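Text of the file run-v8.csv, holding CSV, C-alpha atoms:
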```
chain,number,residue,atom,x,y,z
A,1,MET,CA,-38.4,48.4,26.8
A,2,GLY,CA,-36.0,46.3,24.7
A,3,LEU,CA,-34.3,46.8,21.4
A,4,ASP,CA,-36.5,44.2,19.7
A,5,THR,CA,-36.8,46.3,16.6
A,6,TYR,CA,-33.0,46.1,15.9
A,7,LEU,CA,-33.0,43.6,13.0
A,8,ASP,CA,-36.2,45.1,11.6
A,9,GLU,CA,-34.6,48.5,11.5
A,10,LEU,CA,-31.5,47.2,9.9
A,11,LEU,CA,-33.4,45.6,7.1
A,12,LEU,CA,-35.8,48.4,6.9
A,13,SER,CA,-32.9,50.9,6.5
A,14,HIS,CA,-31.5,48.8,3.7
A,15,SER,CA,-34.9,48.6,2.1
A,16,LEU,CA,-35.3,52.4,2.5
A,17,PHE,CA,-32.0,53.2,0.7
A,18,PHE,CA,-31.9,50.5,-1.9
A,19,GLY,CA,-35.4,49.2,-2.3
A,20,ARG,CA,-36.9,52.3,-3.8
A,21,SER,CA,-34.7,52.8,-6.8
A,22,LYS,CA,-36.7,53.4,-9.9
A,23,LYS,CA,-36.7,50.9,-12.7
A,24,PRO,CA,-35.1,52.0,-16.0
A,25,ASP,CA,-38.5,52.4,-17.6
A,26,HIS,CA,-39.7,54.5,-14.6
A,27,THR,CA,-43.0,52.5,-14.4
A,28,THR,CA,-42.9,51.7,-10.8
A,29,ALA,CA,-40.8,52.8,-7.8
A,30,THR,CA,-39.9,49.4,-6.4
A,31,SER,CA,-36.5,47.6,-6.2
A,32,THR,CA,-34.2,46.1,-8.8
A,33,THR,CA,-31.7,48.7,-9.8
A,34,PRO,CA,-29.8,50.1,-6.8
A,35,LYS,CA,-27.1,52.6,-7.8
A,36,LEU,CA,-24.6,51.4,-5.2
A,37,ARG,CA,-22.8,48.2,-6.3
A,38,GLY,CA,-23.0,45.1,-4.1
A,39,VAL,CA,-26.6,45.4,-2.9
A,40,ASN,CA,-28.2,42.1,-2.2
A,41,THR,CA,-31.5,42.8,-3.9
A,42,THR,CA,-32.9,39.3,-3.1
A,43,LEU,CA,-32.8,40.0,0.6
A,44,ILE,CA,-34.4,43.4,0.1
A,45,GLU,CA,-37.2,42.0,-2.1
A,46,ASP,CA,-37.8,39.1,0.3
A,47,TYR,CA,-38.0,41.6,3.2
A,48,GLN,CA,-40.4,43.9,1.4
A,49,LYS,CA,-42.5,40.9,0.2
A,50,TYR,CA,-42.8,38.9,3.4
A,51,TRP,CA,-41.8,41.0,6.4
A,52,SER,CA,-42.5,44.7,5.9
A,53,GLU,CA,-45.5,46.8,5.0
A,54,ASP,CA,-45.6,49.3,2.3
A,55,ILE,CA,-42.1,51.0,2.2
A,56,SER,CA,-43.6,54.3,1.1
A,57,ALA,CA,-45.6,54.5,4.3
A,58,VAL,CA,-42.5,54.2,6.5
A,59,HIS,CA,-42.0,57.1,8.9
A,60,ILE,CA,-39.0,58.1,11.0
A,61,THR,CA,-40.9,57.1,14.1
A,62,ASP,CA,-40.6,53.5,12.8
A,63,PHE,CA,-36.9,53.8,13.7
A,64,PRO,CA,-36.6,54.1,17.4
A,65,ILE,CA,-33.0,53.0,17.3
A,66,TYR,CA,-31.7,54.5,14.0
A,67,GLY,CA,-34.1,57.5,13.9
A,68,HIS,CA,-31.5,59.9,15.2
A,69,ARG,CA,-29.0,58.8,12.6
A,70,LEU,CA,-31.6,59.1,9.8
A,71,GLN,CA,-32.5,62.6,11.1
A,72,THR,CA,-28.8,63.6,11.0
A,73,ILE,CA,-28.5,62.4,7.4
A,74,HIS,CA,-31.6,64.3,6.5
A,75,GLN,CA,-30.2,67.4,8.2
A,76,ARG,CA,-26.9,67.1,6.5
A,77,MET,CA,-28.5,66.7,3.1
A,78,THR,CA,-30.6,69.9,3.8
A,79,ASP,CA,-27.6,71.9,5.0
A,80,TRP,CA,-25.1,70.8,2.3
A,81,ARG,CA,-23.7,73.7,0.2
A,82,SER,CA,-20.8,73.5,-2.2
A,83,LEU,CA,-17.6,75.1,-0.9
A,84,GLU,CA,-15.7,75.0,-4.2
A,85,PHE,CA,-16.4,76.3,-7.7
A,86,TRP,CA,-16.0,72.9,-9.2
A,87,HIS,CA,-18.5,71.4,-6.7
A,88,SER,CA,-21.0,74.1,-7.5
A,89,TRP,CA,-20.8,73.1,-11.1
A,90,ASN,CA,-20.8,69.3,-10.5
A,91,HIS,CA,-23.0,68.6,-7.6
A,92,ARG,CA,-26.6,69.7,-7.3
A,93,PRO,CA,-27.7,70.5,-3.7
A,94,TYR,CA,-30.3,68.2,-2.2
A,95,ARG,CA,-32.5,71.1,-1.4
A,96,ASP,CA,-33.2,74.4,-3.2
A,97,SER,CA,-31.7,73.4,-6.6
A,98,LEU,CA,-32.7,76.6,-8.4
A,99,PRO,CA,-29.4,78.5,-7.6
A,100,PHE,CA,-27.5,75.5,-8.9
A,101,TYR,CA,-29.3,75.7,-12.3
A,102,ALA,CA,-29.2,79.5,-12.3
A,103,PHE,CA,-25.4,79.3,-11.7
A,104,ARG,CA,-24.9,76.9,-14.6
A,105,PHE,CA,-27.1,79.1,-16.9
A,106,ALA,CA,-25.2,82.3,-15.8
A,107,LEU,CA,-21.9,80.6,-16.3
A,108,ILE,CA,-22.7,79.4,-19.8
A,109,LEU,CA,-24.0,82.9,-20.7
A,110,GLY,CA,-20.9,84.4,-19.3
A,111,VAL,CA,-18.6,82.2,-21.3
A,112,LEU,CA,-20.6,82.8,-24.5
A,113,SER,CA,-20.4,86.6,-23.9
A,114,MET,CA,-16.7,86.4,-23.3
A,115,VAL,CA,-16.1,84.4,-26.5
A,116,THR,CA,-18.2,86.9,-28.5
A,117,PHE,CA,-16.3,89.8,-26.9
A,118,ILE,CA,-12.9,88.2,-27.7
A,119,LEU,CA,-14.0,87.5,-31.3
A,120,THR,CA,-15.2,91.1,-31.7
A,121,ILE,CA,-12.0,92.5,-30.4
A,122,THR,CA,-9.9,90.2,-32.6
A,123,THR,CA,-12.0,91.1,-35.7
A,124,LEU,CA,-11.8,94.8,-34.9
A,125,GLY,CA,-8.0,94.5,-34.6
A,126,LEU,CA,-7.7,92.7,-37.9
A,127,ASN,CA,-9.9,95.3,-39.6
A,128,ILE,CA,-7.9,98.2,-38.2
A,129,ARG,CA,-4.7,96.6,-39.4
A,130,TRP,CA,-6.3,96.0,-42.8
A,131,HIS,CA,-7.3,99.7,-43.1
A,132,LYS,CA,-3.8,100.8,-42.0
A,133,ASP,CA,-2.3,98.6,-44.7
A,134,GLY,CA,-4.4,100.5,-47.3
A,135,GLY,CA,-7.0,97.8,-47.8
A,136,GLU,CA,-5.2,96.6,-51.0
A,137,SER,CA,-4.5,93.0,-49.9
A,138,GLY,CA,-8.0,91.7,-50.6
A,139,SER,CA,-11.1,91.7,-48.5
A,140,PRO,CA,-10.7,92.1,-44.7
A,141,PRO,CA,-10.8,88.9,-42.7
A,142,ALA,CA,-14.1,89.7,-41.0
A,143,PRO,CA,-16.6,87.2,-39.8
A,144,THR,CA,-20.3,87.9,-40.2
A,145,SER,CA,-20.6,89.3,-36.7
A,146,THR,CA,-18.6,92.4,-37.8
A,147,ARG,CA,-20.3,92.8,-41.1
A,148,SER,CA,-20.6,96.6,-40.7
A,149,LEU,CA,-16.9,97.0,-40.6
A,150,PHE,CA,-16.6,94.8,-43.7
A,151,TYR,CA,-19.1,97.1,-45.5
A,152,GLN,CA,-17.1,100.1,-44.4
A,153,GLY,CA,-14.1,98.5,-46.1
A,154,GLN,CA,-16.1,97.8,-49.2
A,155,LEU,CA,-17.3,101.5,-49.4
A,156,LYS,CA,-13.7,102.8,-49.1
A,157,GLU,CA,-12.7,100.6,-52.0
A,158,GLU,CA,-15.5,101.8,-54.2
A,159,TYR,CA,-14.9,105.5,-53.6
B,160,MET,CA,-38.3,45.1,36.9
B,161,ARG,CA,-34.5,44.8,37.4
B,162,SER,CA,-32.5,43.7,34.4
B,163,THR,CA,-30.8,40.3,34.6
B,164,ILE,CA,-28.1,41.5,32.2
B,165,SER,CA,-25.1,43.0,33.8
B,166,HIS,CA,-24.0,46.5,32.9
B,167,ASN,CA,-20.8,45.3,31.2
B,168,PHE,CA,-22.5,42.6,29.2
B,169,ARG,CA,-25.1,45.1,28.1
B,170,GLY,CA,-22.4,47.4,27.0
B,171,ASP,CA,-20.7,44.6,25.1
B,172,ILE,CA,-23.9,43.7,23.3
B,173,LEU,CA,-24.6,47.3,22.4
B,174,THR,CA,-21.0,47.7,21.1
B,175,SER,CA,-21.5,44.5,19.0
B,176,ALA,CA,-24.7,46.0,17.6
B,177,GLY,CA,-22.9,49.2,16.8
B,178,LEU,CA,-25.0,51.3,19.2
B,179,LYS,CA,-23.9,53.9,21.8
B,180,GLU,CA,-25.6,54.2,25.2
B,181,GLY,CA,-26.8,57.8,24.8
B,182,GLU,CA,-28.0,57.2,21.3
B,183,ILE,CA,-31.0,55.1,22.1
B,184,GLU,CA,-32.3,57.2,24.9
B,185,ILE,CA,-36.0,58.0,24.5
B,186,LYS,CA,-36.1,61.5,23.1
B,187,LYS,CA,-38.8,63.9,24.4
B,188,GLU,CA,-39.3,65.3,20.9
B,189,THR,CA,-40.4,63.1,18.1
B,190,PRO,CA,-37.8,63.4,15.3
B,191,LYS,CA,-39.1,65.1,12.2
B,192,ALA,CA,-37.6,64.2,8.9
B,193,SER,CA,-39.0,63.1,5.6
B,194,LEU,CA,-37.6,59.7,4.5
B,195,ALA,CA,-38.7,60.3,0.9
B,196,ASP,CA,-35.3,61.4,-0.2
B,197,LEU,CA,-33.2,58.8,1.6
B,198,ARG,CA,-32.7,56.8,-1.5
B,199,ASP,CA,-29.3,55.7,-2.9
B,200,GLU,CA,-30.3,57.1,-6.3
B,201,PHE,CA,-31.1,60.6,-4.9
B,202,ILE,CA,-28.1,60.7,-2.6
B,203,LEU,CA,-25.6,59.6,-5.2
B,204,GLU,CA,-27.0,62.3,-7.7
B,205,GLY,CA,-25.9,64.9,-5.2
B,206,ALA,CA,-22.6,65.5,-3.4
B,207,PHE,CA,-22.6,62.6,-1.0
B,208,LYS,CA,-20.9,59.3,-1.6
B,209,MET,CA,-22.1,56.0,-0.3
B,210,LYS,CA,-19.9,53.2,0.8
B,211,TRP,CA,-20.3,49.8,2.5
B,212,THR,CA,-18.9,49.2,6.0
B,213,ASN,CA,-18.6,46.1,8.1
B,214,ASP,CA,-18.6,48.1,11.3
B,215,PRO,CA,-22.1,48.3,12.8
B,216,LEU,CA,-21.1,51.4,14.7
B,217,LEU,CA,-20.6,53.3,11.4
B,218,HIS,CA,-24.0,52.2,9.9
B,219,LEU,CA,-25.9,55.3,8.7
B,220,ARG,CA,-23.0,57.6,9.8
B,221,PHE,CA,-20.8,59.9,7.7
B,222,ASP,CA,-17.1,59.3,7.0
B,223,GLU,CA,-15.7,62.8,7.1
B,224,THR,CA,-12.3,62.0,5.5
B,225,ASP,CA,-13.3,64.1,2.5
B,226,PHE,CA,-15.1,66.9,4.3
B,227,LYS,CA,-16.3,68.5,1.1
B,228,ARG,CA,-18.0,65.4,0.0
B,229,PRO,CA,-18.9,63.2,3.0
B,230,THR,CA,-19.4,59.5,2.5
B,231,LEU,CA,-22.5,57.9,4.0
B,232,MET,CA,-21.6,54.5,5.4
B,233,VAL,CA,-24.1,51.6,5.2
B,234,LEU,CA,-23.7,48.2,6.8
B,235,ASP,CA,-23.0,45.5,4.2
B,236,THR,CA,-25.5,42.7,3.8
B,237,ARG,CA,-23.1,40.0,5.1
B,238,THR,CA,-22.6,42.0,8.4
B,239,VAL,CA,-26.3,42.7,8.6
B,240,LEU,CA,-26.9,38.9,8.6
B,241,LEU,CA,-24.2,38.4,11.2
B,242,VAL,CA,-25.5,41.0,13.6
B,243,ALA,CA,-29.0,39.6,13.0
B,244,LEU,CA,-27.9,36.8,15.2
B,245,LEU,CA,-28.0,39.2,18.1
B,246,ASP,CA,-31.6,39.9,17.5
B,247,LEU,CA,-32.5,36.3,16.6
B,248,SER,CA,-30.8,35.1,19.8
B,249,GLY,CA,-33.3,37.2,21.7
B,250,LEU,CA,-30.6,39.2,23.5
B,251,MET,CA,-31.7,42.5,22.2
B,252,ARG,CA,-35.0,42.1,23.8
B,253,PHE,CA,-33.4,42.3,27.2
B,254,ILE,CA,-31.4,45.4,26.5
B,255,SER,CA,-33.4,48.2,27.9
B,256,TYR,CA,-33.3,51.8,26.6
```

Can the structure from this file be put into C-alpha coordinates for me?
Amino acid sequence: MGLDTYLDELLLSHSLFFGRSKKPDHTTATSTTPKLRGVNTTLIEDYQKYWSEDISAVHITDFPIYGHRLQTIHQRMTDWRSLEFWHSWNHRPYRDSLPFYAFRFALILGVLSMVTFILTITTLGLNIRWHKDGGESGSPPAPTSTRSLFYQGQLKEEY
Amino acid sequence: MRSTISHNFRGDILTSAGLKEGEIEIKKETPKASLADLRDEFILEGAFKMKWTNDPLLHLRFDETDFKRPTLMVLDTRTVLLVALLDLSGLMRFISY
(Lines of atoms letter the chains of each structure in order from A and count residues from 1; the text may use other names and numbers.)
(Lines give C-alpha, C1' and ligand atoms only; values in the text may rest on other atoms or scores of the structure.)
Protein backbone atom coordinates (compact mmCIF):
# COMPACT_ATOMS: atom_id res chain seq x y z
CA MET A 1 0.00 0.00 0.00
CA GLY A 2 1.55 3.29 -1.09
CA LEU A 3 1.39 6.74 0.37
CA ASP A 4 -0.77 8.02 -2.43
CA THR A 5 -2.88 10.14 -0.08
CA TYR A 6 0.11 12.28 0.87
CA LEU A 7 -0.74 15.43 -1.12
CA ASP A 8 -4.42 15.04 -0.41
CA GLU A 9 -3.73 14.85 3.33
CA LEU A 10 -1.46 17.88 3.23
CA LEU A 11 -4.09 19.99 1.51
CA LEU A 12 -6.87 18.50 3.60
CA SER A 13 -5.02 19.37 6.80
CA HIS A 14 -4.69 22.98 5.58
CA SER A 15 -8.35 22.98 4.69
CA LEU A 16 -9.20 21.53 8.08
CA PHE A 17 -7.33 24.20 10.04
CA PHE A 18 -7.87 27.25 7.87
CA GLY A 19 -10.88 26.48 5.71
CA ARG A 20 -13.48 26.40 8.43
CA SER A 21 -13.02 29.81 10.04
CA LYS A 22 -16.29 31.60 10.51
CA LYS A 23 -17.09 34.65 8.47
CA PRO A 24 -17.42 37.92 10.41
CA ASP A 25 -21.22 37.84 10.08
CA HIS A 26 -21.26 34.21 11.29
CA THR A 27 -23.66 33.20 8.53
CA THR A 28 -21.72 30.23 7.22
CA ALA A 29 -18.79 28.19 8.37
CA THR A 30 -16.68 28.24 5.23
CA SER A 31 -13.37 29.83 4.48
CA THR A 32 -12.32 33.48 4.11
CA THR A 33 -11.01 34.76 7.43
CA PRO A 34 -8.29 32.53 8.84
CA LYS A 35 -6.80 33.84 12.07
CA LEU A 36 -3.23 32.92 11.24
CA ARG A 37 -1.61 35.38 8.87
CA GLY A 38 -0.20 34.24 5.58
CA VAL A 39 -2.79 31.61 4.72
CA ASN A 40 -3.28 31.11 1.00
CA THR A 41 -7.07 31.12 0.99
CA THR A 42 -7.24 30.74 -2.80
CA LEU A 43 -5.55 27.37 -2.62
CA ILE A 44 -7.85 26.21 0.18
CA GLU A 45 -10.97 27.42 -1.60
CA ASP A 46 -9.91 25.77 -4.85
CA TYR A 47 -9.18 22.55 -2.99
CA GLN A 48 -12.55 22.60 -1.25
CA LYS A 49 -14.37 23.46 -4.46
CA TYR A 50 -12.78 21.07 -6.91
CA TRP A 51 -10.89 18.35 -5.06
CA SER A 52 -12.46 17.51 -1.74
CA GLU A 53 -15.85 16.54 -0.47
CA ASP A 54 -17.65 18.28 2.35
CA ILE A 55 -15.00 19.34 4.86
CA SER A 56 -17.37 18.90 7.79
CA ALA A 57 -17.67 15.21 6.97
CA VAL A 58 -13.93 14.60 7.26
CA HIS A 59 -12.95 11.98 9.81
CA ILE A 60 -9.60 11.15 11.29
CA THR A 61 -9.57 7.89 9.34
CA ASP A 62 -9.25 10.04 6.20
CA PHE A 63 -5.70 10.74 7.36
CA PRO A 64 -3.78 7.46 7.21
CA ILE A 65 -0.48 9.37 7.24
CA TYR A 66 -1.19 12.36 9.48
CA GLY A 67 -3.88 10.73 11.64
CA HIS A 68 -1.45 10.03 14.45
CA ARG A 69 -0.29 13.66 14.55
CA LEU A 70 -3.86 14.94 14.51
CA GLN A 71 -4.74 12.60 17.33
CA THR A 72 -1.78 13.90 19.31
CA ILE A 73 -2.94 17.48 18.77
CA HIS A 74 -6.42 16.54 19.91
CA GLN A 75 -5.02 14.81 22.98
CA ARG A 76 -2.80 17.77 23.85
CA MET A 77 -5.75 20.12 23.54
CA THR A 78 -7.80 17.90 25.83
CA ASP A 79 -5.04 17.59 28.41
CA TRP A 80 -3.89 21.21 28.51
CA ARG A 81 -4.23 22.91 31.88
CA SER A 82 -2.71 26.21 32.94
CA LEU A 83 0.37 26.04 35.12
CA GLU A 84 0.48 29.68 36.08
CA PHE A 85 -1.96 32.10 37.62
CA TRP A 86 -1.69 34.48 34.67
CA HIS A 87 -2.37 31.66 32.20
CA SER A 88 -5.43 30.66 34.21
CA TRP A 89 -6.75 34.16 33.76
CA ASN A 90 -5.78 34.60 30.11
CA HIS A 91 -6.21 31.25 28.40
CA ARG A 92 -9.38 29.26 28.33
CA PRO A 93 -8.82 25.49 28.35
CA TYR A 94 -9.98 23.73 25.21
CA ARG A 95 -12.11 21.35 27.22
CA ASP A 96 -14.15 21.83 30.36
CA SER A 97 -14.24 25.63 30.34
CA LEU A 98 -16.50 25.95 33.39
CA PRO A 99 -13.64 26.12 35.95
CA PHE A 100 -12.04 28.87 33.83
CA TYR A 101 -15.14 31.08 34.03
CA ALA A 102 -15.75 30.11 37.66
CA PHE A 103 -12.18 31.17 38.48
CA ARG A 104 -12.67 34.54 36.76
CA PHE A 105 -15.97 35.10 38.56
CA ALA A 106 -14.49 34.14 41.93
CA LEU A 107 -11.49 36.38 41.36
CA ILE A 108 -13.64 39.38 40.47
CA LEU A 109 -15.82 38.75 43.53
CA GLY A 110 -12.73 38.39 45.69
CA VAL A 111 -11.24 41.66 44.46
CA LEU A 112 -14.53 43.50 44.97
CA SER A 113 -14.85 42.09 48.50
CA MET A 114 -11.29 43.11 49.28
CA VAL A 115 -11.86 46.65 48.01
CA THR A 116 -15.06 46.93 50.06
CA PHE A 117 -13.25 45.61 53.13
CA ILE A 118 -10.40 48.10 52.74
CA LEU A 119 -12.85 50.96 52.23
CA THR A 120 -14.79 49.94 55.35
CA ILE A 121 -11.63 49.71 57.44
CA THR A 122 -10.44 53.10 56.17
CA THR A 123 -13.78 54.70 56.89
CA LEU A 124 -13.92 53.14 60.33
CA GLY A 125 -10.45 54.48 61.09
CA LEU A 126 -11.41 57.97 59.94
CA ASN A 127 -14.58 57.90 62.01
CA ILE A 128 -12.72 56.77 65.12
CA ARG A 129 -10.22 59.56 64.64
CA TRP A 130 -13.06 62.06 64.17
CA HIS A 131 -14.71 60.92 67.38
CA LYS A 132 -11.43 61.13 69.27
CA ASP A 133 -10.93 64.70 68.02
CA GLY A 134 -14.26 65.61 69.59
CA GLY A 135 -16.29 65.71 66.41
CA GLU A 136 -15.97 69.48 66.14
CA SER A 137 -14.21 69.75 62.83
CA GLY A 138 -17.31 69.26 60.68
CA SER A 139 -19.02 66.12 59.56
CA PRO A 140 -17.04 62.87 59.50
CA PRO A 141 -15.60 61.88 56.12
CA ALA A 142 -17.81 58.85 55.75
CA PRO A 143 -18.95 57.38 52.47
CA THR A 144 -22.48 56.08 52.11
CA SER A 145 -21.44 52.52 52.92
CA THR A 146 -20.76 53.49 56.52
CA ARG A 147 -23.80 55.66 56.92
CA SER A 148 -24.61 54.15 60.33
CA LEU A 149 -21.39 55.48 61.80
CA PHE A 150 -22.14 58.87 60.26
CA TYR A 151 -25.55 58.90 61.95
CA GLN A 152 -23.92 57.99 65.24
CA GLY A 153 -21.76 61.08 64.83
CA GLN A 154 -24.82 63.21 64.06
CA LEU A 155 -26.62 61.95 67.17
CA LYS A 156 -23.66 62.81 69.36
CA GLU A 157 -23.67 66.38 68.03
CA GLU A 158 -27.40 66.80 68.63
CA TYR A 159 -27.24 65.58 72.24
CA MET B 1 5.41 -7.98 -4.58
CA ARG B 2 8.94 -6.82 -3.90
CA SER B 3 9.50 -3.07 -3.88
CA THR B 4 11.68 -1.70 -6.67
CA ILE B 5 12.75 1.22 -4.48
CA SER B 6 15.85 0.63 -2.38
CA HIS B 7 15.70 1.05 1.37
CA ASN B 8 17.94 4.12 1.33
CA PHE B 9 16.00 5.81 -1.43
CA ARG B 10 12.77 5.06 0.41
CA GLY B 11 14.20 6.64 3.53
CA ASP B 12 15.29 9.70 1.56
CA ILE B 13 11.84 10.17 0.09
CA LEU B 14 10.22 9.76 3.49
CA THR B 15 12.63 12.29 4.97
CA SER B 16 11.83 14.74 2.17
CA ALA B 17 8.14 14.23 2.81
CA GLY B 18 8.71 14.85 6.52
CA LEU B 19 7.66 11.39 7.62
CA LYS B 20 9.26 8.88 9.95
CA GLU B 21 9.33 5.15 9.34
CA GLY B 22 7.40 4.08 12.41
CA GLU B 23 4.89 6.85 12.09
CA ILE B 24 3.07 5.39 9.11
CA GLU B 25 2.77 1.84 10.32
CA ILE B 26 -0.75 0.58 10.12
CA LYS B 27 -2.15 0.77 13.61
CA LYS B 28 -4.37 -2.02 14.87
CA GLU B 29 -6.59 0.47 16.63
CA THR B 30 -8.47 3.07 14.65
CA PRO B 31 -7.54 6.50 15.99
CA LYS B 32 -10.43 8.19 17.71
CA ALA B 33 -10.44 11.95 17.76
CA SER B 34 -12.93 14.56 16.77
CA LEU B 35 -11.63 16.96 14.16
CA ALA B 36 -14.34 19.51 14.85
CA ASP B 37 -12.12 21.63 17.10
CA LEU B 38 -9.05 21.53 14.93
CA ARG B 39 -9.58 25.02 13.57
CA ASP B 40 -7.12 27.89 13.70
CA GLU B 41 -9.77 30.10 15.26
CA PHE B 42 -10.49 27.71 18.12
CA ILE B 43 -6.85 26.82 18.73
CA LEU B 44 -5.70 30.44 18.83
CA GLU B 45 -8.49 31.34 21.27
CA GLY B 46 -6.89 28.94 23.73
CA ALA B 47 -3.37 28.60 24.98
CA PHE B 48 -1.66 27.17 21.92
CA LYS B 49 0.08 29.27 19.34
CA MET B 50 0.33 28.46 15.66
CA LYS B 51 3.26 29.09 13.40
CA TRP B 52 4.33 28.32 9.85
CA THR B 53 7.22 26.00 9.17
CA ASN B 54 9.08 25.07 6.03
CA ASP B 55 10.21 21.74 7.46
CA PRO B 56 7.77 18.96 6.47
CA LEU B 57 8.92 16.92 9.47
CA LEU B 58 7.44 19.54 11.79
CA HIS B 59 4.06 19.70 10.09
CA LEU B 60 1.27 19.23 12.68
CA ARG B 61 3.81 18.86 15.47
CA PHE B 62 4.43 21.00 18.53
CA ASP B 63 7.34 23.27 19.17
CA GLU B 64 7.96 22.91 22.90
CA THR B 65 10.34 25.85 23.31
CA ASP B 66 7.69 27.56 25.42
CA PHE B 67 6.42 24.50 27.25
CA LYS B 68 3.65 26.41 28.96
CA ARG B 69 2.24 27.56 25.66
CA PRO B 70 3.25 25.10 22.93
CA THR B 71 3.29 26.21 19.31
CA LEU B 72 1.58 24.10 16.69
CA MET B 73 3.65 24.09 13.54
CA VAL B 74 1.94 24.00 10.16
CA LEU B 75 3.65 23.61 6.82
CA ASP B 76 3.48 26.83 4.82
CA THR B 77 1.73 26.87 1.48
CA ARG B 78 4.89 27.32 -0.56
CA THR B 79 6.47 24.22 0.96
CA VAL B 80 3.22 22.29 0.53
CA LEU B 81 3.40 23.03 -3.17
CA LEU B 82 7.08 22.03 -3.24
CA VAL B 83 6.57 18.68 -1.53
CA ALA B 84 3.52 18.17 -3.71
CA LEU B 85 6.02 17.36 -6.46
CA LEU B 86 6.84 14.16 -4.58
CA ASP B 87 3.26 13.11 -4.88
CA LEU B 88 2.77 14.37 -8.40
CA SER B 89 5.90 12.54 -9.56
CA GLY B 90 4.22 9.33 -8.47
CA LEU B 91 7.05 8.37 -6.11
CA MET B 92 4.85 8.29 -3.04
CA ARG B 93 2.73 5.59 -4.58
CA PHE B 94 5.68 3.22 -4.49
CA ILE B 95 6.53 3.87 -0.86
CA SER B 96 4.91 1.06 1.05
CA TYR B 97 3.76 1.34 4.65

- Contact residues (chain B, partner chain A, 9 Å, all atoms listed in the file) as a PyMOL selection string: chain B and resi 176+178+182-185+189-207+209-211+218-221+227-228+231+233-236+239-240+242-247+249-256

- Task: Measure the distance from atom CA of A:Val111 to atom CA of A:Ser97 in Å and round it to one decimal.
- Result: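 Separation between atom CA of A:Val111 and atom CA of A:Ser97: 21.6 Å.
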
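Using all atoms listed in the file, the nearest neighbour of B:Arg237 within the list B:Asn213, B:Gly177, B:Phe168, B:Asp222 is B:Asn213.
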
- Item | Interatomic distance (Å, one decimal) between atom CA of A:Glu45 and atom CA of B:Thr230 |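 Straight-line distance from atom CA of A:Glu45 to atom CA of B:Thr230 works out to 25.4 Å.
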
As lines of an AutoDock Vina configuration file: centre and edge lengths in Å, one decimal, of the axis-aligned box holding stretch 101-109 of chain A with 8 Å per side:
```
center_x = -25.6
center_y = 79.3
center_z = -16.2
size_x = 23.4
size_y = 23.2
size_z = 25.0
```

- Just give me the gap between atom CA of B:Gly170 and atom CA of B:Asp214 in Å, one decimal is fine.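 Taking atom CA of B:Gly170 as the start and atom CA of B:Asp214 as the end point, the length is 16.2 Å.
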